[in-house]
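> What follows is the file target_29.pdb, containing PDB, C-alpha atoms and all ligand atoms:
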```pdb
ATOM      1  CA  MET T   1     205.163  99.795 120.791
ATOM      2  CA  TYR T   2     207.177  98.710 123.837
ATOM      3  CA  SER T   3     205.501  96.219 126.159
ATOM      4  CA  PHE T   4     206.575  96.749 129.746
ATOM      5  CA  GLN T   5     206.001  93.622 131.840
ATOM      6  CA  LYS T   6     203.824  95.352 134.425
ATOM      7  CA  ASP T   7     202.364  92.117 135.811
ATOM      8  CA  VAL T   8     205.751  90.458 136.166
ATOM      9  CA  ILE T   9     206.851  93.379 138.334
ATOM     10  CA  LEU T  10     203.638  93.672 140.353
ATOM     11  CA  ASN T  11     203.632  89.933 141.069
ATOM     12  CA  THR T  12     207.242  89.893 142.203
ATOM     13  CA  ASN T  13     207.653  88.119 145.493
ATOM     14  CA  ILE T  14     209.791  90.326 147.747
ATOM     15  CA  GLU T  15     211.553  87.245 149.130
ATOM     16  CA  GLN T  16     213.007  86.673 145.644
ATOM     17  CA  LEU T  17     214.631  90.128 145.697
ATOM     18  CA  MET T  18     215.760  89.976 149.306
ATOM     19  CA  VAL T  19     219.401  89.986 150.438
ATOM     20  CA  SER T  20     219.195  87.119 152.928
ATOM     21  CA  SER T  21     220.110  87.707 156.571
ATOM     22  CA  ASP T  22     223.301  85.632 156.390
ATOM     23  CA  LYS T  23     224.692  88.178 153.908
ATOM     24  CA  VAL T  24     223.567  91.283 155.804
ATOM     25  CA  ALA T  25     226.022  93.056 158.100
ATOM     26  CA  HIS T  26     224.299  93.793 161.421
ATOM     27  CA  VAL T  27     224.996  94.702 165.039
ATOM     28  CA  GLN T  28     223.302  93.859 168.327
ATOM     29  CA  VAL T  29     221.533  96.202 170.737
ATOM     30  CA  ASP T  30     224.080  95.772 173.515
ATOM     31  CA  ASN T  31     227.208  96.110 171.381
ATOM     32  CA  PRO T  32     229.361  99.110 172.324
ATOM     33  CA  LEU T  33     229.333 101.944 169.775
ATOM     34  CA  GLU T  34     232.956 101.215 168.865
ATOM     35  CA  HIS T  35     231.953  97.751 167.623
ATOM     36  CA  ALA T  36     229.162  99.249 165.495
ATOM     37  CA  LEU T  37     231.579 101.782 164.022
ATOM     38  CA  LEU T  38     233.970  98.949 163.181
ATOM     39  CA  VAL T  39     231.220  96.923 161.443
ATOM     40  CA  LEU T  40     230.046  99.981 159.472
ATOM     41  CA  THR T  41     233.579 100.937 158.457
ATOM     42  CA  LYS T  42     234.695  97.430 157.507
ATOM     43  CA  SER T  43     231.479  96.531 155.638
ATOM     44  CA  GLY T  44     231.452  99.833 153.759
ATOM     45  CA  TYR T  45     227.710 100.339 154.379
ATOM     46  CA  SER T  46     226.484 103.647 155.754
ATOM     47  CA  ALA T  47     223.729 102.061 157.885
ATOM     48  CA  VAL T  48     222.974  98.520 159.097
ATOM     49  CA  PRO T  49     220.146  96.782 160.995
ATOM     50  CA  VAL T  50     220.237  96.332 164.783
ATOM     51  CA  LEU T  51     219.003  93.001 166.189
ATOM     52  CA  ASN T  52     218.469  91.619 169.686
ATOM     53  CA  HIS T  53     219.741  88.252 170.856
ATOM     54  CA  SER T  54     216.566  86.529 169.591
ATOM     55  CA  TYR T  55     217.288  87.763 166.043
ATOM     56  CA  ARG T  56     214.474  90.345 166.113
ATOM     57  CA  LEU T  57     214.746  93.773 164.537
ATOM     58  CA  LYS T  58     215.179  96.639 166.976
ATOM     59  CA  GLY T  59     216.454  99.516 164.863
ATOM     60  CA  LEU T  60     219.022 100.910 162.466
ATOM     61  CA  ILE T  61     222.368 102.506 163.155
ATOM     62  CA  SER T  62     224.485 104.616 160.841
ATOM     63  CA  THR T  63     227.966 106.115 160.876
ATOM     64  CA  THR T  64     226.400 109.584 160.975
ATOM     65  CA  MET T  65     224.369 108.756 164.107
ATOM     66  CA  ILE T  66     227.525 107.556 165.869
ATOM     67  CA  LEU T  67     229.617 110.543 164.822
ATOM     68  CA  GLU T  68     226.902 112.995 165.872
ATOM     69  CA  THR T  69     226.779 111.319 169.287
ATOM     70  CA  VAL T  70     230.522 111.503 169.925
ATOM     71  CA  LEU T  71     230.881 115.013 168.555
ATOM     72  CA  GLY T  72     231.196 117.361 171.524
ATOM     73  CA  ILE T  73     231.229 121.165 171.431
ATOM     74  CA  GLN T  74     235.009 121.488 170.976
ATOM     75  CA  SER T  75     236.161 118.011 169.937
ATOM     76  CA  PHE T  76     235.236 114.369 169.460
ATOM     77  CA  GLU T  77     234.576 112.658 172.807
ATOM     78  CA  MET T  78     235.994 109.284 171.799
ATOM     79  CA  GLU T  79     235.449 107.716 175.250
ATOM     80  CA  LYS T  80     231.721 107.632 174.412
ATOM     81  CA  LEU T  81     232.481 104.900 171.859
ATOM     82  CA  SER T  82     233.114 102.435 174.687
ATOM     83  CA  GLN T  83     230.704 103.959 177.219
ATOM     84  CA  LEU T  84     227.558 103.952 175.048
ATOM     85  CA  LYS T  85     225.729 101.031 173.515
ATOM     86  CA  VAL T  86     224.059 100.700 170.128
ATOM     87  CA  GLU T  87     220.589 100.892 171.738
ATOM     88  CA  ASP T  88     221.445 104.347 173.189
ATOM     89  CA  VAL T  89     221.949 105.788 169.721
ATOM     90  CA  MET T  90     220.010 103.696 167.168
ATOM     91  CA  ASN T  91     216.872 104.824 165.373
ATOM     92  CA  SER T  92     214.126 102.444 166.466
ATOM     93  CA  ASP T  93     211.508 103.945 164.160
ATOM     94  CA  LEU T  94     212.126 101.690 161.180
ATOM     95  CA  PRO T  95     209.797 100.418 158.469
ATOM     96  CA  ILE T  96     209.504  96.632 158.389
ATOM     97  CA  LEU T  97     208.127  94.431 155.626
ATOM     98  CA  LYS T  98     206.725  90.944 156.113
ATOM     99  CA  VAL T  99     207.836  88.307 153.589
ATOM    100  CA  ASN T 100     204.288  88.102 152.214
ATOM    101  CA  HIS T 101     203.752  91.847 151.757
ATOM    102  CA  ASP T 102     203.084  92.915 148.187
ATOM    103  CA  PHE T 103     205.630  94.505 145.900
ATOM    104  CA  MET T 104     203.898  97.931 145.714
ATOM    105  CA  ARG T 105     204.215  98.379 149.469
ATOM    106  CA  ALA T 106     207.932  97.559 149.224
ATOM    107  CA  LEU T 107     208.398  99.928 146.296
ATOM    108  CA  GLY T 108     206.737 102.796 148.196
ATOM    109  CA  LEU T 109     208.992 102.306 151.223
ATOM    110  CA  THR T 110     212.188 102.388 149.174
ATOM    111  CA  ILE T 111     211.378 105.939 148.004
ATOM    112  CA  ASN T 112     212.477 107.249 151.390
ATOM    113  CA  HIS T 113     214.627 104.375 152.648
ATOM    114  CA  PRO T 114     217.734 103.000 150.881
ATOM    115  CA  PHE T 115     216.833  99.574 152.314
ATOM    116  CA  VAL T 116     213.908  98.038 154.161
ATOM    117  CA  CYS T 117     214.194  95.192 156.667
ATOM    118  CA  ILE T 118     212.108  92.065 156.217
ATOM    119  CA  GLU T 119     210.866  89.737 158.944
ATOM    120  CA  ASP T 120     208.917  86.465 158.904
ATOM    121  CA  ASP T 121     205.546  85.828 160.537
ATOM    122  CA  ASP T 122     207.249  85.032 163.852
ATOM    123  CA  GLY T 123     209.034  88.405 163.818
ATOM    124  CA  LEU T 124     212.450  86.942 163.022
ATOM    125  CA  PHE T 125     214.820  88.910 160.794
ATOM    126  CA  LYS T 126     214.946  87.424 157.280
ATOM    127  CA  GLY T 127     216.931  89.981 155.278
ATOM    128  CA  ILE T 128     216.740  93.351 153.554
ATOM    129  CA  LEU T 129     215.256  94.717 150.363
ATOM    130  CA  THR T 130     217.599  97.270 148.797
ATOM    131  CA  ARG T 131     217.000  99.988 146.208
ATOM    132  CA  ARG T 132     219.667  98.237 144.132
ATOM    133  CA  SER T 133     217.620  95.022 143.799
ATOM    134  CA  ILE T 134     214.515  97.021 142.823
ATOM    135  CA  ILE T 135     216.378  99.100 140.226
ATOM    136  CA  LYS T 136     217.882  95.867 138.836
ATOM    137  CA  LEU T 137     214.398  94.378 138.453
ATOM    138  CA  PHE T 138     213.094  97.453 136.587
ATOM    139  CA  THR T 139     216.208  97.618 134.414
ATOM    140  CA  LYS T 140     215.852  93.953 133.406
ATOM    141  CA  SER T 141     212.181  94.399 132.576
ATOM    142  CA  LEU T 142     212.724  97.632 130.618
ATOM    143  CA  ASN T 143     215.611  96.086 128.684
ATOM    144  CA  LYS T 144     213.346  93.218 127.639
ATOM    145  CA  ALA T 145     210.628  95.684 126.635
ATOM    146  CA  ILE T 146     212.872  97.829 124.415
ATOM    147  CA  GLN T 147     214.664  94.970 122.699
ATOM    148  CA  PRO T 148     213.457  94.598 119.118
TER     149      PRO T 148
HETATM  150  O1  LIG I   1     230.177  96.951 150.184
HETATM  151  C1  LIG I   1     229.418  97.197 149.218
HETATM  152  N1  LIG I   1     229.222  96.241 148.250
HETATM  153  C2  LIG I   1     228.382  96.476 147.189
HETATM  154  N2  LIG I   1     228.201  95.484 146.293
HETATM  155  N3  LIG I   1     227.720  97.642 147.000
HETATM  156  C3  LIG I   1     227.908  98.630 147.922
HETATM  157  C4  LIG I   1     228.719  98.454 149.038
HETATM  158  N4  LIG I   1     228.660  99.574 149.778
HETATM  159  C5  LIG I   1     227.827 100.444 149.106
HETATM  160  N5  LIG I   1     227.387  99.871 147.983
HETATM  161  C6  LIG I   1     226.524 100.521 146.984
HETATM  162  C7  LIG I   1     225.218  99.786 146.812
HETATM  163  O2  LIG I   1     224.735  99.999 145.494
HETATM  164  O3  LIG I   1     226.209 101.863 147.455
HETATM  165  C8  LIG I   1     224.784 101.957 147.683
HETATM  166  C9  LIG I   1     224.516 102.735 148.911
HETATM  167  O4  LIG I   1     225.072 102.068 150.045
HETATM  168  P1  LIG I   1     224.706 102.489 151.527
HETATM  169  O5  LIG I   1     223.249 101.910 151.779
HETATM  170  O6  LIG I   1     224.615 103.977 151.630
HETATM  171  O7  LIG I   1     225.709 101.825 152.426
HETATM  172  C10 LIG I   1     224.320 100.498 147.818
HETATM  173  O8  LIG I   1     222.937 100.485 147.438
HETATM  174  P2  LIG I   1     221.996  99.268 147.835
HETATM  175  O9  LIG I   1     222.648  97.956 147.485
HETATM  176  O10 LIG I   1     220.654  99.554 147.256
HETATM  177  O11 LIG I   1     221.940  99.299 149.445
HETATM  178  C11 LIG I   1     221.164 100.285 150.104
HETATM  179  C12 LIG I   1     221.520 100.304 151.556
HETATM  180  O12 LIG I   1     221.219  99.037 152.129
HETATM  181  C13 LIG I   1     223.009 100.525 151.817
HETATM  182  C14 LIG I   1     223.179  99.881 153.196
HETATM  183  O13 LIG I   1     222.767 100.780 154.227
HETATM  184  C15 LIG I   1     222.182  98.725 153.146
HETATM  185  N6  LIG I   1     222.813  97.458 152.757
HETATM  186  C16 LIG I   1     222.896  96.948 151.509
HETATM  187  N7  LIG I   1     223.479  95.734 151.507
HETATM  188  C17 LIG I   1     223.781  95.460 152.802
HETATM  189  C18 LIG I   1     223.353  96.568 153.599
HETATM  190  N8  LIG I   1     223.507  96.606 154.922
HETATM  191  C19 LIG I   1     224.119  95.536 155.507
HETATM  192  N9  LIG I   1     224.557  94.449 154.803
HETATM  193  C20 LIG I   1     224.413  94.354 153.481
HETATM  194  N10 LIG I   1     224.836  93.268 152.820
END
```
Translate the structure of the given file into structure tokens.
Ligand code: 4BW


Amino acid sequence: MYSFQKDVILNTNIEQLMVSSDKVAHVQVDNPLEHALLVLTKSGYSAVPVLNHSYRLKGLISTTMILETVLGIQSFEMEKLSQLKVEDVMNSDLPILKVNHDFMRALGLTINHPFVCIEDDDGLFKGILTRRSIIKLFTKSLNKAIQP
């Protein structure tokens, strides 16, 4: 009989799984759209967090959001990339976890979100929890359980 380490998973501290803020590509609310597109393209990520100058989370921006904004009826209106700012386009309805939230809450949020932003008790951005880190945790635990 396999023994899945249910408690090890349930007691996982989300800070342990977090990609810390210094490794997370992000943009700022007042950056022009062209800067955000550059960060998204160069980092290779399809969406990144948006912060203000006090390092607080304000939203998320994706390549798709930017392209939809510059797409006119007949052609791309590329001048909008310098005219508009990240805050004009970002999605500000984002789920946020606190560092001390429990693992089940984090797991539930990653069903619909490829990553969830994490902040500390003072509301400062700490990092992100990705689906990848959660799948890695389950894979490790299942591998241990099925090993003879
Ligand atoms: O540049 C990349 N490096 C690595 N190591 N993996 C990447 C890279 N780009 C994409 N991936 C992989 C990851 O497995 O493709 C998945 C989907 O990427 P996404 O969503 O659509 O750009 C990645 O899955 P994940 O690690 O679970 O990450 C989920 C989402 O979290 C990513 C991206 O929107 C965000 N993200 C992850 N790491 C990030 C980040 N955003 C900013 N900075 C980071 N360091």

> Using all atoms listed in the file, find each residue with an atom at most 6 Å away from ligand LIG 1 (chain I) and format the answer as a PyMOL selection string.

chain T and resi 23-25+43-48+114-115+130-132

> Go ahead and compute the interatomic distance for atom CA of Asn52 of chain T and atom CA of Asp30 of chain T, in Å to one decimal.

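Separation of atom CA of Asn52 of chain T and atom CA of Asp30 of chain T: 8.0 Å.
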
> Using all atoms listed in the file, collect all residues at a distance of at most 12 Å from (206.3, 94.7, 139.5) as written in the file, then present them as a PyMOL selection string.

chain T and resi 4-14+17+102-108+134-142

> Using all atoms listed in the file, determine which residues lie at most 8 Å from Val116 of chain T, disregarding the query and same-chain residues fewer than 5 positions distant; provide the list as a list in words.

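In the requested format, the answer is Pro95, Ile96, Leu97, Ala106, Leu109, Thr110, Ile128, Leu129 and Thr130 of chain T.
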
> Find the residue from T:Leu67, T:Met78, T:Leu57, T:Ala145 that sits nearest to Leu124 of chain T; use only C-alpha atoms when measuring.

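Checking each candidate against Leu124 of chain T, we get T:Leu57 as the closest.
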
> Would you mind telling me which residue in T:Asp122, T:Leu84, T:Ile146, T:Val39 lies nearest to Arg56 of chain T when using all atoms listed in the file?

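Among the listed residues, T:Asp122 lies closest to Arg56 of chain T.
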
> Quick one: apply the PyMOL selection byres (((chain T and resi 66) around 9) and not hetatm) to the file and drop the selected residues here as a PyMOL selection string.

chain T and resi 33-34+36-37+61-65+67-71+81+86+89-90

> Could you please determine the separation between atom CA of Gln28 of chain T and atom CA of Pro49 of chain T in Å, to one decimal place?

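Result for atom CA of Gln28 of chain T versus atom CA of Pro49 of chain T: 8.5 Å, one decimal.
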
> Evaluate the PyMOL selection byres (((chain T and resi 99) around 6) and not hetatm) and record the selected residues as an MDAnalysis selection string, following the chain and residue labels used in the document.

chainID T and resid 15 98 100:101 120

> In Å, with one decimal, what is the gap from atom CA of Lys126 of chain T to atom CA of Val29 of chain T?

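Taking atom CA of Lys126 of chain T and atom CA of Val29 of chain T, their separation equals 17.4 Å.
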